[in-house]
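Peer 1: Pasting in a structure now, in structure tokens, and then I'll have a few things to ask.
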Amino acid sequence: MLLGILFGAIRRYFRYHGLAICIGQLDDRMLTDIGCSRNELYAEAWVRASRAAR
């Protein structure tokens with residue numbers, strides 16, 4: 001049980017980290033064009049990483 005929780009947290013972190021790298025590569029003009037802030041995208045990345053880890 002504890003190992004499952006630990007591996008789930010590690011898996012969630014790596015999924016989030018991969019998405020965060022992609023978000024970090026976006027420049028300010030691209031963010032303005034799509035109408036989102038970097039913080040909104042990071043928050044959505046965390047939500048998606050959490051859902052995928054289940």
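Following the order of the structure tokens, first chain is A, next is B, and so on, with residues numbered from 1 inside each chain and ligands from 1 in the order they appear.
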Give me the residues within 12 Å of Arg12 of chain A as an MDAnalysis selection string, counting only C-alpha atoms and dropping any in the same chain fewer than 5 places off.
Peer 2: chainID A and resid 5:7 17:19 45:54
Peer 1: Run DSSP on the backbone and grab whatever in chain A lands in helix (DSSP H, G or I); send it over as a ChimeraX atom specification.
Peer 2: /A:2-24,28-34,38-52
Peer 1: Find, counting only C-alpha atoms, the residue in A:Gly8, A:Gly24, A:Leu2, A:Phe14 that gets nearest to Arg38 of chain A.
Peer 2: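 Counting only C-alpha atoms, the residue closest to Arg38 of chain A is A:Gly24.
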Peer 1: What separation in Å, quoted to one decimal, exists between atom CA of Asn39 of chain A and atom CA of Gly4 of chain A?
Peer 2: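 Those two atoms sit 29.5 Å apart.
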Peer 1: Could you tell me how far atom CA of Arg11 of chain A lies from atom CA of Met30 of chain A, in Å and to one decimal?
Peer 2: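 Interatomic distance, atom CA of Arg11 of chain A to atom CA of Met30 of chain A: 28.7 Å.
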Peer 1: Mind giving me the straight-line distance from atom CA of Ala20 of chain A to atom CA of Glu40 of chain A in Å, one decimal?
Peer 2: 11.5 Å
